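Scroll down for the structure; my scribbles are underneath it.
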Amino acid sequence: MNESETVVQELQAAFPFLAGRATVQRERRVWVDVDRDKFAPVFGHLAKNLGFTNLLMITGLDAGADLEFIYHLARSRGLIANVKVRCPKGESVETITGTFPGGHIYERELIDLLGAKIDGLPEGSRYPLPDNWPKDEHPLLKDWKPREKGAQDA
Amino acid sequence: MTAGTAVLHILVFPGFLFLAVLGLAGEFVDRKLYARFQNRVGPPWFQPLADFVKLLGKENVVPEEADRPIFKLAPVFALAAVLAAFLYIPLWGPKSLLPFDGDLIVVLYLLLIPTVTFFLGGWTSSSVFATLGALRAITQVFAYEIPLFVALLAPALLANTWSISGIVHYYSAHPALWPVNLIGLCVAMVTLLGKLERVPFDIPEAETEIVAGSFTEYSGRRLAFFRLAVDCEAIVAVSLVAAIFLPFGLGLAPWAGVLLYLAKVLFLLAVLALLRTLFARLRIDQMIAFCWKVMAPIAFLQILINLVVRELI
Amino acid sequence: MPDKEKIVRVPIGPQHPALKEPESFMVDLQGEKISSIALRLGYNHRGIEKGCEERTYVQDVYLIERVCGICSHSHSTAFVQAVEEIAGLDVPPRAKYIRTLIGELERVHSHLLWLGVAGHEIGFDTLLMYTWRDRELVMDLLAELTGNRVHYAMNVIGGVKRDVPQEQFARITSVVDALEERTKYYVELAMTEETLAQRLSGVGYLSKEDAERFGAVGPTARASGVDRDTRRDDPYAAYGELEFQVVTDTRCDVFGRAVVRLGELMQTYSMIRQVLKKMPDGPTSVRAPLKIPTGEAVSRYEAPRGEDVHYVRGNGTDKPERAKVRAPTLANLQSVAKMLENGYLADLPIVVAAIDPCFSCTDRMVAVRGTSESKTMNWEELVQYGVRWYRERGIDLSNVKMRGEVTA
């Protein structure tokens with residue numbers, strides 16, 4: 001049994017509801033699909049008890065009615081655990097800056113580009129859009145289209 | 001000397017025009033050597049002149065918040081002080097244009113004025129980079145000026161005169177004595193890097209930190225004159241060092257004397273260029289520590305040596 | 001004392017000679033000491049991720065390559081690896097070796113570039129001129145192998161576009177030999193040159209704990225003693241078959257980062273020789289479908305500056321559902337504020353430079369749009385504007401020919 005399978009087993013032992021939702025994609029790639037209300041304990045368990053101390057990035061996706069966030073966590077020797085969580089548009093998820101202080105920049109990116117709402121994120125300047133960018137426009141949403149080149153603002 | 005020839009001497013040869021030409025040529029030599037040391041091609045001979053002419057034609061911008069009179073006058077003062085200092089330094093003969101007893105002190109103070117104008121120009125620009133550059137320039141003065149003064153005063157102590165022409169006269173009469181001041185020469189050359197704001201002491205205009213330091217807000221002909229002042233300051237300082245520390249071959253025919261003078265200046269400029277090739281820029285605290293803990297004691301050692309030598313003869 | 005009046009606020013950026021790309025550091029100074037620092041990113045946001053969603057995979061390879069000029073091969077490799085994993089493509093071994101070869105040559109040119117920039121930031125321009133002269137060797141070599149000095153465009157989905165024939169091996173070896181000699185000289189220089197050591201030692205301290213906490217990557221992390229290198233930990237391309245050491249250092253300062261990069265250069269030369277020796281024969285690519293099936297993959301790549309992470313999700317069409325890029329600088333920037341704590345303004349350029357920042361990778365997106373203050377002008381309008389501007393100042397340019405036409 002390789003390292004990835006061990007991680008999946010350990011996760012399922014700690015959280016029985018993950019049966020069938022924590023899978024091994026290939027060597028060194030583990031995917032975990034978790035509900036929003038169970039996210040914090042699973043994430044904390046991975047970061048604190050299973051040694052996933054390196055937050056690679058957070059990917060945000062526009063999945064129709066929901067936003068989908070994927071937290072890519074790595075531990076030594078190349079193993080990545082990708083934790084997926086879905087959140088209806090307009091609702092919020094907890095910040096992970098308590099565990100990974102460097103992660104705030106990835107969360108700000110979600111806010112700017114997808115209109116995500118993050119609870120508990122400390123104040124700070126926005127990233128990566130300019131300060132005069134309209135607050136309600138989020139370029140990575142599927143229904144957002146760039147304007148025609150040369151078009152003027154009203 | 002009639003008034004007419006005096007004006008001619010001051011304005012043309014060996015006064016202002018000569019100094020300006022020499023300054024631009026000196027900048028070329030410095031830049032070319034620096035480039036060659038770094039394995040680059042370097043600029044053509046007329047580049048400093050071309051830069052100067054180009055800057056003369058550029059727009060003059062004065063920051064709205066600047067203290068206008070001081071901001072505008074600073075470059076003029078810098079250039080005037082350097083030119084005035086040049087008149088008291090013996091170049092190829094044993095005498096300067098206007099020698100008097102105590103001119104060494106006057107020259108040292110005149111050479112301080114450009115730095116003060118950098119400070120004033122930078123401070124009155126009201127830009128943060130210029131302000132920081134100005135503060136650094138004035139901080140640096142306290143570090144390099146003492147060793148430089150002491151190093152230049154030591155030969156005077158031995159010659160028992162405060163006149164540069166007197167010093168030159170003394171050492172040409174006692175040619176065996178000038179090598180005594182070699183330590184002073186080294187100190188003077190190193191601290192000159194500070195006065196001329198060159199690497200490793202180019203802290204007041206460190207471009208990667210504070211853009212162009214005091215000169216950040218300067219443009220057009222004011223910048224051109226500031227740059228000319230810096231170029232001329234280099235020539236004046238090097239001439240002073242040559243006169244005090246390399247006082248040989250002064251009784252030659254005029255043309256040979258001029259050539260020898262130019263050779264000395266060229267040599268010292270080459271040393272300065274080499275020094276700035278070799279080092280990384282120090283931090284201001286490291287620079288001050290270096291000047292006070294290393295340069296100043298060595299300069300005082302020179303004083304000690306000269307006092308002993310004076311007792312012996 | 002934190003006296004309000006004595007604090008000077010210095011804007012380093014978005015335009016500043018120390019920064020080669022736009023980024024803003026608002027520095028509060030007390031004398032020469034930094035009392036606080038505020039970062040603002042995003043000036044170079046170009047909309048690449050959004051652009052990827054609206055283009056086909058084939059076009060995306062070229063777009064992704066333009067995330068960064070210096071580590072262009074890194075980004076395109078990371079991207080095609082993810083796509084290949086989704087499509088289940090079996091990349092031929094020769095292609096993997098060629099990817100490794102170009103990737104390591106890219107590392108050589110990036111690290112030499114860094115060494116020069118580091119020299120420049122501390123006012124040691126001689127080092128800049130020397131290293132960049134030597135860097136030309138590897139740039140020329142890359143141009144010979146791929147056709148371009150940067151943006152090599154070697155990767156296609158399913159392999160590489162060009163073969164590196166046996167005849168070019170001798171040339172590669174000679175360049176690597178020459179560069180190895182030069183690098184040894186720089187190592188000696190770094191160890192013996194006094195002002196260099198004074199400016200780099202103890203500057204920008206980042207402890208191992210902080211490096212891990214803030215997620216530092218690449219040479220920045222390794223110089224703080226974090227033993228982390230994707231080439232060994234999560235092998236891709238041909239790295240699983242090469243022998244090399246992960247260079248780490250425990251100095252935790254800028255000097256350590258220089259030592260790590262120099263050490264990595266020496267490792268890289270040995271890796272390039274191994275690649276040339278072991279390179280298998282065979283095809284250089286397999287045919288890839290235009291439509292990539294549904295699926296997702298995360299791909300990692302140890303770029304010269306640290307780890308690139310790419311995420312791609314396919315939806316069965318010829319365009320990706322989502323492509324996400326994490327460039328190493330974004331991870332490293334988090335630790336910069338920590339490194340600058342109680343530092344000197346004079347150290348700021350070198351500390352920032354020591355993470356080898358690449359802000360254009362970090363930002364990635366901006367949409368083309370006008371704002372109320374600015375407007376877009378086409379060429380004719382620009383000419384008219386210029387003519388008008390000068391006429392207002394008494395210079396008439398209206399009869400000057402531009403682009404072969406007389407503008408009125």
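Letters for chains follow the order of the structure tokens (A, B, ...), residue numbers begin at 1 for each chain, and ligand numbers begin at 1 in the order shown.
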Determine which residues of segment 37-178 of chain C receive a DSSP assignment of helix (DSSP H, G or I), computed from the backbone, and state them as number ranges by chain. C: 48-53, 57-65, 72-87, 93-121, 125-146, 166-178
Interface, chain A side, toward chain C (10 Å; only C-alpha atoms) as an mmCIF file with N, CA and C atoms, in the first residue's frame:
data_model
loop_
_atom_site.group_PDB
_atom_site.id
_atom_site.type_symbol
_atom_site.label_atom_id
_atom_site.label_comp_id
_atom_site.auth_asym_id
_atom_site.auth_seq_id
_atom_site.Cartn_x
_atom_site.Cartn_y
_atom_site.Cartn_z
ATOM 1 N N GLN A 25 -6.021 9.527 -6.962
ATOM 2 C CA GLN A 25 -6.065 9.690 -8.418
ATOM 3 C C GLN A 25 -4.914 8.937 -9.065
ATOM 4 N N ARG A 26 -3.734 9.133 -8.528
ATOM 5 C CA ARG A 26 -2.545 8.414 -8.970
ATOM 6 C C ARG A 26 -1.529 8.543 -7.849
ATOM 7 N N GLU A 27 -0.335 8.048 -8.103
ATOM 8 C CA GLU A 27 0.713 8.185 -7.112
ATOM 9 C C GLU A 27 0.877 9.660 -6.722
ATOM 10 N N ARG A 28 0.875 9.929 -5.449
ATOM 11 C CA ARG A 28 1.085 11.275 -4.894
ATOM 12 C C ARG A 28 -0.052 12.255 -5.154
ATOM 13 N N ARG A 29 -1.217 11.801 -5.555
ATOM 14 C CA ARG A 29 -2.341 12.733 -5.722
ATOM 15 C C ARG A 29 -3.578 12.169 -5.017
ATOM 16 N N THR A 53 1.745 20.545 5.613
ATOM 17 C CA THR A 53 2.074 21.865 6.161
ATOM 18 C C THR A 53 2.325 22.899 5.079
ATOM 19 N N ASN A 54 2.110 22.541 3.839
ATOM 20 C CA ASN A 54 2.448 23.467 2.770
ATOM 21 C C ASN A 54 1.215 23.715 1.908
ATOM 22 N N LEU A 55 0.698 24.938 1.969
ATOM 23 C CA LEU A 55 -0.453 25.289 1.133
ATOM 24 C C LEU A 55 0.079 25.733 -0.228
ATOM 25 N N LEU A 56 -0.204 24.951 -1.259
ATOM 26 C CA LEU A 56 0.326 25.295 -2.583
ATOM 27 C C LEU A 56 -0.438 26.464 -3.188
ATOM 28 N N MET A 57 -1.773 26.329 -3.229
ATOM 29 C CA MET A 57 -2.597 27.412 -3.756
ATOM 30 C C MET A 57 -4.053 27.057 -3.501
ATOM 31 N N ILE A 58 -4.915 27.999 -3.815
ATOM 32 C CA ILE A 58 -6.350 27.728 -3.771
ATOM 33 C C ILE A 58 -6.897 28.016 -5.166
ATOM 34 N N THR A 59 -7.543 27.031 -5.746
ATOM 35 C CA THR A 59 -8.171 27.252 -7.047
ATOM 36 C C THR A 59 -9.647 27.529 -6.826
ATOM 37 N N GLY A 60 -10.151 28.531 -7.501
ATOM 38 C CA GLY A 60 -11.576 28.797 -7.437
ATOM 39 C C GLY A 60 -12.198 28.559 -8.800
ATOM 40 N N LEU A 61 -13.392 27.967 -8.808
ATOM 41 C CA LEU A 61 -14.063 27.721 -10.085
ATOM 42 C C LEU A 61 -15.499 28.196 -10.006
ATOM 43 N N ASP A 62 -16.010 28.571 -11.152
ATOM 44 C CA ASP A 62 -17.417 28.898 -11.260
ATOM 45 C C ASP A 62 -18.145 27.641 -11.709
ATOM 46 N N ALA A 63 -18.916 27.015 -10.775
ATOM 47 C CA ALA A 63 -19.600 25.767 -11.105
ATOM 48 C C ALA A 63 -21.103 26.016 -11.129
ATOM 49 N N ILE A 70 -10.790 24.637 -4.449
ATOM 50 C CA ILE A 70 -9.920 23.487 -4.251
ATOM 51 C C ILE A 70 -8.677 23.965 -3.505
ATOM 52 N N HIS A 72 -5.129 23.149 -2.389
ATOM 53 C CA HIS A 72 -4.066 22.199 -2.724
ATOM 54 C C HIS A 72 -3.034 22.203 -1.603
ATOM 55 N N ARG A 75 2.576 17.763 1.362
ATOM 56 C CA ARG A 75 3.488 17.454 2.453
ATOM 57 C C ARG A 75 4.788 16.960 1.858
ATOM 58 N N SER A 76 5.747 16.718 2.699
ATOM 59 C CA SER A 76 7.064 16.369 2.174
ATOM 60 C C SER A 76 6.963 15.117 1.314
ATOM 61 N N ARG A 77 7.930 14.945 0.452
ATOM 62 C CA ARG A 77 7.987 13.832 -0.493
ATOM 63 C C ARG A 77 6.855 13.867 -1.513
ATOM 64 N N GLY A 78 6.376 15.074 -1.805
ATOM 65 C CA GLY A 78 5.597 15.239 -3.022
ATOM 66 C C GLY A 78 4.137 14.854 -2.999
ATOM 67 N N LEU A 79 3.602 14.473 -1.860
ATOM 68 C CA LEU A 79 2.193 14.069 -1.819
ATOM 69 C C LEU A 79 1.288 15.301 -1.743
ATOM 70 N N ILE A 80 0.297 15.345 -2.636
ATOM 71 C CA ILE A 80 -0.633 16.476 -2.623
ATOM 72 C C ILE A 80 -2.023 15.991 -2.258
ATOM 73 N N ASN A 82 -5.808 17.371 -2.430
ATOM 74 C CA ASN A 82 -6.631 18.448 -2.977
ATOM 75 C C ASN A 82 -8.001 18.390 -2.315
ATOM 76 N N THR A 99 -4.473 28.890 9.949
ATOM 77 C CA THR A 99 -3.477 27.829 9.806
ATOM 78 C C THR A 99 -2.330 28.255 8.902
ATOM 79 N N PHE A 100 -2.660 28.934 7.792
ATOM 80 C CA PHE A 100 -1.631 29.348 6.828
ATOM 81 C C PHE A 100 -1.689 30.858 6.645
ATOM 82 N N PRO A 101 -0.899 31.611 7.437
ATOM 83 C CA PRO A 101 -0.970 33.072 7.333
ATOM 84 C C PRO A 101 -0.625 33.570 5.928
ATOM 85 N N GLY A 102 0.182 32.807 5.204
ATOM 86 C CA GLY A 102 0.528 33.242 3.851
ATOM 87 C C GLY A 102 -0.598 33.036 2.855
ATOM 88 N N GLY A 103 -1.670 32.362 3.291
ATOM 89 C CA GLY A 103 -2.731 32.033 2.347
ATOM 90 C C GLY A 103 -3.686 33.172 2.053
ATOM 91 N N HIS A 104 -3.506 34.301 2.766
ATOM 92 C CA HIS A 104 -4.488 35.377 2.586
ATOM 93 C C HIS A 104 -4.521 35.871 1.142
ATOM 94 N N ILE A 105 -3.365 35.822 0.477
ATOM 95 C CA ILE A 105 -3.301 36.358 -0.886
ATOM 96 C C ILE A 105 -4.145 35.500 -1.839
ATOM 97 N N TYR A 106 -4.165 34.177 -1.579
ATOM 98 C CA TYR A 106 -4.980 33.309 -2.434
ATOM 99 C C TYR A 106 -6.458 33.566 -2.187
ATOM 100 N N LEU A 113 -11.667 37.785 -8.057
ATOM 101 C CA LEU A 113 -11.902 37.199 -9.369
ATOM 102 C C LEU A 113 -13.214 36.426 -9.439
ATOM 103 N N GLY A 124 -7.152 44.254 4.346
ATOM 104 C CA GLY A 124 -5.951 44.429 3.544
ATOM 105 C C GLY A 124 -6.314 44.952 2.183
ATOM 106 N N SER A 125 -5.313 45.354 1.418
ATOM 107 C CA SER A 125 -5.594 45.882 0.092
ATOM 108 C C SER A 125 -6.009 44.745 -0.829
ATOM 109 N N ARG A 126 -6.760 45.074 -1.871
ATOM 110 C CA ARG A 126 -7.274 44.020 -2.717
ATOM 111 C C ARG A 126 -6.186 43.470 -3.633
ATOM 112 N N TYR A 127 -6.420 42.284 -4.099
ATOM 113 C CA TYR A 127 -5.501 41.632 -5.022
ATOM 114 C C TYR A 127 -6.321 40.749 -5.930
ATOM 115 N N PRO A 128 -6.057 40.669 -7.203
ATOM 116 C CA PRO A 128 -5.038 41.391 -7.958
ATOM 117 C C PRO A 128 -5.607 42.533 -8.781
ATOM 118 N N LEU A 129 -6.886 42.859 -8.635
ATOM 119 C CA LEU A 129 -7.478 43.862 -9.523
ATOM 120 C C LEU A 129 -7.176 45.265 -9.019
ATOM 121 N N PRO A 130 -7.203 46.247 -9.918
ATOM 122 C CA PRO A 130 -6.898 47.625 -9.510
ATOM 123 C C PRO A 130 -7.959 48.179 -8.567
ATOM 124 N N ASP A 131 -7.586 49.221 -7.837
ATOM 125 C CA ASP A 131 -8.469 49.758 -6.810
ATOM 126 C C ASP A 131 -9.759 50.323 -7.391
ATOM 127 N N ASN A 132 -9.710 50.800 -8.639
ATOM 128 C CA ASN A 132 -10.911 51.418 -9.201
ATOM 129 C C ASN A 132 -11.765 50.412 -9.984
ATOM 130 N N TRP A 133 -11.456 49.138 -9.852
ATOM 131 C CA TRP A 133 -12.264 48.110 -10.510
ATOM 132 C C TRP A 133 -13.614 48.004 -9.789
ATOM 133 N N PRO A 139 -14.069 38.825 -12.944
ATOM 134 C CA PRO A 139 -13.747 38.377 -14.292
ATOM 135 C C PRO A 139 -13.764 36.858 -14.488
ATOM 136 N N LEU A 140 -13.527 36.085 -13.446
ATOM 137 C CA LEU A 140 -13.438 34.656 -13.690
ATOM 138 C C LEU A 140 -14.799 33.955 -13.662
ATOM 139 N N LEU A 141 -15.858 34.696 -13.373
ATOM 140 C CA LEU A 141 -17.182 34.092 -13.486
ATOM 141 C C LEU A 141 -17.470 33.835 -14.965
ATOM 142 N N LYS A 142 -18.183 32.726 -15.211
ATOM 143 C CA LYS A 142 -18.358 32.313 -16.603
ATOM 144 C C LYS A 142 -19.199 33.311 -17.394
ATOM 145 N N TRP A 144 -19.102 36.500 -17.137
ATOM 146 C CA TRP A 144 -18.404 37.781 -17.309
ATOM 147 C C TRP A 144 -17.633 37.748 -18.618
ATOM 148 N N LYS A 145 -17.842 38.745 -19.445
ATOM 149 C CA LYS A 145 -17.104 38.811 -20.712
ATOM 150 C C LYS A 145 -16.336 40.126 -20.756
ATOM 151 N N PRO A 146 -15.116 40.090 -21.256
ATOM 152 C CA PRO A 146 -14.406 41.365 -21.419
ATOM 153 C C PRO A 146 -15.130 42.247 -22.420
ATOM 154 N N ARG A 147 -15.053 43.551 -22.198
ATOM 155 C CA ARG A 147 -15.731 44.440 -23.149
ATOM 156 C C ARG A 147 -14.947 44.508 -24.442
ATOM 157 N N GLU A 148 -15.637 45.029 -25.439
ATOM 158 C CA GLU A 148 -14.966 45.233 -26.729
ATOM 159 C C GLU A 148 -13.757 46.130 -26.534
ATOM 160 N N LYS A 149 -12.712 45.848 -27.263
ATOM 161 C CA LYS A 149 -11.509 46.664 -27.167
ATOM 162 C C LYS A 149 -11.855 48.105 -27.532
ATOM 163 N N GLY A 150 -11.428 49.028 -26.701
ATOM 164 C CA GLY A 150 -11.669 50.431 -27.008
ATOM 165 C C GLY A 150 -12.978 50.955 -26.469
ATOM 166 N N ALA A 151 -13.813 50.042 -25.912
ATOM 167 C CA ALA A 151 -15.089 50.506 -25.375
ATOM 168 C C ALA A 151 -14.846 51.419 -24.173
ATOM 169 N N GLN A 152 -15.663 52.423 -24.042
ATOM 170 C CA GLN A 152 -15.463 53.396 -22.973
ATOM 171 C C GLN A 152 -16.411 53.122 -21.822
ATOM 172 N N ASP A 153 -15.961 53.476 -20.649
ATOM 173 C CA ASP A 153 -16.847 53.385 -19.498
ATOM 174 C C ASP A 153 -17.923 54.450 -19.576
ATOM 175 N N ALA A 154 -19.041 54.140 -18.994
ATOM 176 C CA ALA A 154 -20.100 55.149 -18.984
ATOM 177 C C ALA A 154 -19.704 56.286 -18.054
#
Sorted per-residue table, chain C near chain B, closest atoms and distance, 9 Å, only C-alpha atoms, as JSON lines:
{"residue": "C:Val8", "atom": "CA", "partner": "B:Val128", "partner_atom": "CA", "distance": 7.6}
{"residue": "C:Arg9", "atom": "CA", "partner": "B:Val128", "partner_atom": "CA", "distance": 7.6}
{"residue": "C:Val10", "atom": "CA", "partner": "B:Val128", "partner_atom": "CA", "distance": 6.2}
{"residue": "C:Pro11", "atom": "CA", "partner": "B:Val128", "partner_atom": "CA", "distance": 8.4}
{"residue": "C:Ile12", "atom": "CA", "partner": "B:Glu209", "partner_atom": "CA", "distance": 7.9}
{"residue": "C:His16", "atom": "CA", "partner": "B:Val211", "partner_atom": "CA", "distance": 6.9}
{"residue": "C:Pro17", "atom": "CA", "partner": "B:Thr208", "partner_atom": "CA", "distance": 5.3}
{"residue": "C:Ala18", "atom": "CA", "partner": "B:Thr208", "partner_atom": "CA", "distance": 4.1}
{"residue": "C:Leu19", "atom": "CA", "partner": "B:Thr208", "partner_atom": "CA", "distance": 7.9}
{"residue": "C:Gly31", "atom": "CA", "partner": "B:Leu132", "partner_atom": "CA", "distance": 8.8}
{"residue": "C:Glu32", "atom": "CA", "partner": "B:Ile284", "partner_atom": "CA", "distance": 8.5}
{"residue": "C:Gly119", "atom": "CA", "partner": "B:Ala280", "partner_atom": "CA", "distance": 7.5}
{"residue": "C:His120", "atom": "CA", "partner": "B:Thr208", "partner_atom": "CA", "distance": 7.9}
{"residue": "C:Glu121", "atom": "CA", "partner": "B:Thr208", "partner_atom": "CA", "distance": 5.7}
{"residue": "C:Ile122", "atom": "CA", "partner": "B:Arg281", "partner_atom": "CA", "distance": 5.5}
{"residue": "C:Gly123", "atom": "CA", "partner": "B:Arg281", "partner_atom": "CA", "distance": 4.8}
{"residue": "C:Phe124", "atom": "CA", "partner": "B:Ala280", "partner_atom": "CA", "distance": 4.1}
{"residue": "C:Asp125", "atom": "CA", "partner": "B:Thr277", "partner_atom": "CA", "distance": 7.6}
{"residue": "C:Thr126", "atom": "CA", "partner": "B:Gln38", "partner_atom": "CA", "distance": 5.4}
{"residue": "C:Leu127", "atom": "CA", "partner": "B:Gln38", "partner_atom": "CA", "distance": 8.2}
{"residue": "C:Leu128", "atom": "CA", "partner": "B:Gln38", "partner_atom": "CA", "distance": 8.9}
{"residue": "C:Met129", "atom": "CA", "partner": "B:Gln38", "partner_atom": "CA", "distance": 6.0}
{"residue": "C:Tyr130", "atom": "CA", "partner": "B:Gln38", "partner_atom": "CA", "distance": 6.7}
{"residue": "C:Arg133", "atom": "CA", "partner": "B:Asn39", "partner_atom": "CA", "distance": 8.2}
{"residue": "C:Glu193", "atom": "CA", "partner": "B:Phe279", "partner_atom": "CA", "distance": 8.3}
{"residue": "C:Glu194", "atom": "CA", "partner": "B:Phe279", "partner_atom": "CA", "distance": 8.3}
{"residue": "C:Thr195", "atom": "CA", "partner": "B:Ala280", "partner_atom": "CA", "distance": 5.6}
{"residue": "C:Leu196", "atom": "CA", "partner": "B:Ala280", "partner_atom": "CA", "distance": 6.0}
{"residue": "C:Gln198", "atom": "CA", "partner": "B:Leu282", "partner_atom": "CA", "distance": 7.8}
{"residue": "C:Arg199", "atom": "CA", "partner": "B:Leu282", "partner_atom": "CA", "distance": 6.6}
{"residue": "C:Tyr344", "atom": "CA", "partner": "B:Arg283", "partner_atom": "CA", "distance": 8.4}
{"residue": "C:Leu345", "atom": "CA", "partner": "B:Glu209", "partner_atom": "CA", "distance": 7.0}
{"residue": "C:Ala346", "atom": "CA", "partner": "B:Glu209", "partner_atom": "CA", "distance": 6.1}
{"residue": "C:Asp347", "atom": "CA", "partner": "B:Arg283", "partner_atom": "CA", "distance": 7.9}
{"residue": "C:Leu348", "atom": "CA", "partner": "B:Glu209", "partner_atom": "CA", "distance": 7.5}
{"residue": "C:Pro349", "atom": "CA", "partner": "B:Thr208", "partner_atom": "CA", "distance": 6.4}
{"residue": "C:Ile350", "atom": "CA", "partner": "B:Thr208", "partner_atom": "CA", "distance": 8.9}
Those same residues - N, CA and C atoms - I'd like them written as a compact mmCIF listing (two decimals), in the first residue's frame.
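Output contents, as saved in part-v3.txt:
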# COMPACT_ATOMS: atom_id res chain seq x y z
N VAL C 8 9.27 58.71 7.70
CA VAL C 8 9.20 59.13 6.31
C VAL C 8 8.61 57.98 5.52
N ARG C 9 7.63 58.28 4.69
CA ARG C 9 7.04 57.21 3.88
C ARG C 9 7.65 57.26 2.48
N VAL C 10 8.29 56.18 2.11
CA VAL C 10 8.96 56.13 0.82
C VAL C 10 8.23 55.15 -0.09
N PRO C 11 7.77 55.61 -1.24
CA PRO C 11 7.16 54.67 -2.17
C PRO C 11 8.21 53.99 -3.03
N ILE C 12 8.41 52.70 -2.80
CA ILE C 12 9.28 51.94 -3.69
C ILE C 12 8.34 51.26 -4.68
N HIS C 16 10.09 52.14 -10.09
CA HIS C 16 11.28 52.43 -9.30
C HIS C 16 12.46 51.71 -9.93
N PRO C 17 13.64 52.32 -9.91
CA PRO C 17 14.78 51.68 -10.58
C PRO C 17 15.16 50.32 -9.99
N ALA C 18 14.80 50.07 -8.74
CA ALA C 18 15.18 48.79 -8.15
C ALA C 18 14.30 47.66 -8.67
N LEU C 19 13.11 48.01 -9.13
CA LEU C 19 12.17 46.98 -9.55
C LEU C 19 12.13 46.95 -11.07
N GLY C 31 14.59 57.18 10.16
CA GLY C 31 15.99 57.30 9.78
C GLY C 31 16.22 56.40 8.59
N GLU C 32 17.15 55.46 8.73
CA GLU C 32 17.41 54.53 7.63
C GLU C 32 16.73 53.19 7.88
N GLY C 119 23.87 41.68 -7.92
CA GLY C 119 25.03 42.57 -7.92
C GLY C 119 24.60 44.01 -8.13
N HIS C 120 23.72 44.21 -9.08
CA HIS C 120 23.28 45.57 -9.38
C HIS C 120 22.56 46.21 -8.20
N GLU C 121 21.74 45.42 -7.52
CA GLU C 121 20.96 45.98 -6.42
C GLU C 121 21.85 46.47 -5.29
N ILE C 122 23.02 45.87 -5.12
CA ILE C 122 23.92 46.36 -4.07
C ILE C 122 25.02 47.22 -4.67
N GLY C 123 24.79 47.73 -5.87
CA GLY C 123 25.74 48.67 -6.46
C GLY C 123 27.01 48.03 -6.97
N PHE C 124 27.00 46.72 -7.20
CA PHE C 124 28.19 46.04 -7.70
C PHE C 124 27.96 45.73 -9.18
N ASP C 125 28.04 46.77 -10.00
CA ASP C 125 27.69 46.61 -11.40
C ASP C 125 28.67 45.72 -12.17
N THR C 126 29.88 45.63 -11.65
CA THR C 126 30.86 44.79 -12.34
C THR C 126 30.37 43.34 -12.39
N LEU C 127 29.80 42.89 -11.28
CA LEU C 127 29.27 41.52 -11.24
C LEU C 127 28.15 41.37 -12.26
N LEU C 128 27.29 42.39 -12.34
CA LEU C 128 26.19 42.37 -13.31
C LEU C 128 26.73 42.19 -14.72
N MET C 129 27.73 42.99 -15.07
CA MET C 129 28.25 42.94 -16.43
C MET C 129 28.90 41.59 -16.73
N TYR C 130 29.62 41.06 -15.74
CA TYR C 130 30.31 39.78 -15.96
C TYR C 130 29.30 38.65 -16.13
N ARG C 133 27.33 38.85 -19.33
CA ARG C 133 28.15 38.47 -20.48
C ARG C 133 28.17 36.94 -20.60
N GLU C 193 35.09 37.98 -1.57
CA GLU C 193 34.95 39.43 -1.74
C GLU C 193 34.30 40.05 -0.51
N GLU C 194 35.01 41.02 0.07
CA GLU C 194 34.63 41.53 1.38
C GLU C 194 33.33 42.36 1.35
N THR C 195 33.24 43.33 0.45
CA THR C 195 32.04 44.18 0.46
C THR C 195 30.80 43.35 0.13
N LEU C 196 30.96 42.35 -0.72
CA LEU C 196 29.82 41.49 -1.07
C LEU C 196 29.31 40.78 0.17
N GLN C 198 29.78 41.66 3.25
CA GLN C 198 29.22 42.63 4.20
C GLN C 198 27.80 43.01 3.84
N ARG C 199 27.52 43.13 2.53
CA ARG C 199 26.20 43.56 2.12
C ARG C 199 25.17 42.43 2.17
N TYR C 344 17.29 47.72 6.94
CA TYR C 344 17.62 49.05 6.45
C TYR C 344 17.01 49.25 5.08
N LEU C 345 16.72 50.52 4.76
CA LEU C 345 16.23 50.82 3.43
C LEU C 345 17.23 50.34 2.39
N ALA C 346 18.52 50.50 2.70
CA ALA C 346 19.55 50.10 1.75
C ALA C 346 19.49 48.62 1.44
N ASP C 347 18.92 47.83 2.36
CA ASP C 347 18.85 46.39 2.13
C ASP C 347 17.59 45.97 1.39
N LEU C 348 16.63 46.89 1.28
CA LEU C 348 15.35 46.50 0.68
C LEU C 348 15.52 45.97 -0.74
N PRO C 349 16.27 46.67 -1.62
CA PRO C 349 16.36 46.14 -2.99
C PRO C 349 16.93 44.73 -3.04
N ILE C 350 17.95 44.48 -2.25
CA ILE C 350 18.58 43.16 -2.36
C ILE C 350 17.72 42.09 -1.70
Gap from atom CA of Pro88 of chain A to atom CA of Pro41 of chain A - Å, one decimal: 19.8 Å
What lies within 10 Å of Phe39 of chain A using only C-alpha atoms, ignoring chain neighbours under 2 positions off, as JSON, numbers by chain? {"A": [33, 34, 35, 36, 37, 41, 42, 43, 44, 45, 83, 84, 85, 86, 93, 94]}
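Running DSSP on the backbone and keeping only strand (DSSP E or B), the residues of segment 81-305 of chain C that qualify are Asn155, Val156, Gly159, Val160, Ser285, Gly295, Glu296, Ala297, Val298, Ser299, Arg300, Tyr301, Glu302 and Ala303 of chain C.
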